[in-house]
Structure formats: structure tokens, C-alpha cells
Amino acid sequence: MATASRPSRKALRQARSAQFLGDRRKEAETKGPAAVLAVAIDQLRSAISQLPEERRSDAAQQATRMLDQLRQSLTES
């Protein structure tokens with residue numbers, strides 16, 4: 001007898017997390033750009049923490065480089 005296919009716990013957890021972060025982003029949009037930025041940084045931090053351990057360091061370094069480049073371009077304008 002075949003059983004009905006159910007989403008895995010991991011898939012359910014990821015869906016709840018995505019919903020939570022999406023709701024946070026929408027709420028932040030009502031508060032302004034600085035609030036949206038804070039949520040976006042949290043989302044980035046969350047995405048990096050969910051990577052396999054061996055990829056986290058490189059991802060964090062890449063994110064840091066990109067943020068530093070953005071900061072420099074903003075101060076030069």
C-alpha cells in the first residue's frame with residue numbers, strides 16, 4: 001500500500017522560515033528603508049548560517065567584501 005507523500009521536516013521548516021522572513025520584510029517596508037536594510041542583513045545572515053559548514057566562511061567573506069564595496073561607493077559619491 002502506497003502512502004501519501006508528505007513534505008519533509010526540513011522543507012516545512014524552510015517554508016516557515018521563508019514565511020517569517022517575508023512577513024518581517026513587509027512589516028519593515030512600512031517603517032522605512034533603514035528597517036528594510038536591517039531585515040535584509042538578517043536574511044543574509046540566516047542564509048549564510050543555513051549553508052553547509054564548509055561554505056559558510058567563504059560566503060561570509062564574500063558578503064563582507066560586497067558590503068565594504070557598497071560602503072566605499074556610497075562614501076565616494
# chains A, B, ... in the order shown; residues from 1 in each chain; ligands from 1
call {"tool": "residues_around", "arguments": {"residues": "segment 25-42 of chain A", "least_positions_apart": "6", "cutoff": "10 Å", "atoms": "only C-alpha atoms", "output": "PDB file with N, CA, C and O atoms, in the first residue's frame"}}
result
ATOM      1  N   GLN A  19       8.378  32.214   5.201  1.00  0.00           N
ATOM      2  CA  GLN A  19       7.167  32.988   5.510  1.00  0.00           C
ATOM      3  C   GLN A  19       7.459  34.041   6.572  1.00  0.00           C
ATOM      4  O   GLN A  19       7.070  35.193   6.444  1.00  0.00           O
ATOM      5  N   ILE A  48      23.376  32.484   5.204  1.00  0.00           N
ATOM      6  CA  ILE A  48      24.747  32.004   5.398  1.00  0.00           C
ATOM      7  C   ILE A  48      24.783  30.919   6.464  1.00  0.00           C
ATOM      8  O   ILE A  48      25.462  29.902   6.299  1.00  0.00           O
ATOM      9  N   ALA A  63      30.188  38.180   1.398  1.00  0.00           N
ATOM     10  CA  ALA A  63      29.197  39.175   1.813  1.00  0.00           C
ATOM     11  C   ALA A  63      29.885  40.407   2.395  1.00  0.00           C
ATOM     12  O   ALA A  63      29.499  41.539   2.101  1.00  0.00           O
TER      13      ALA A  63
END
call {"tool": "select_by_dssp", "arguments": {"residues": "chain A", "states": "helix (DSSP H, G or I)", "output": "count of residues only"}}
result
64
call {"tool": "atom_distance", "arguments": {"atom1": "atom CA of Ala15 of chain A", "atom2": "atom CA of Arg45 of chain A"}}
result
17.2 Å
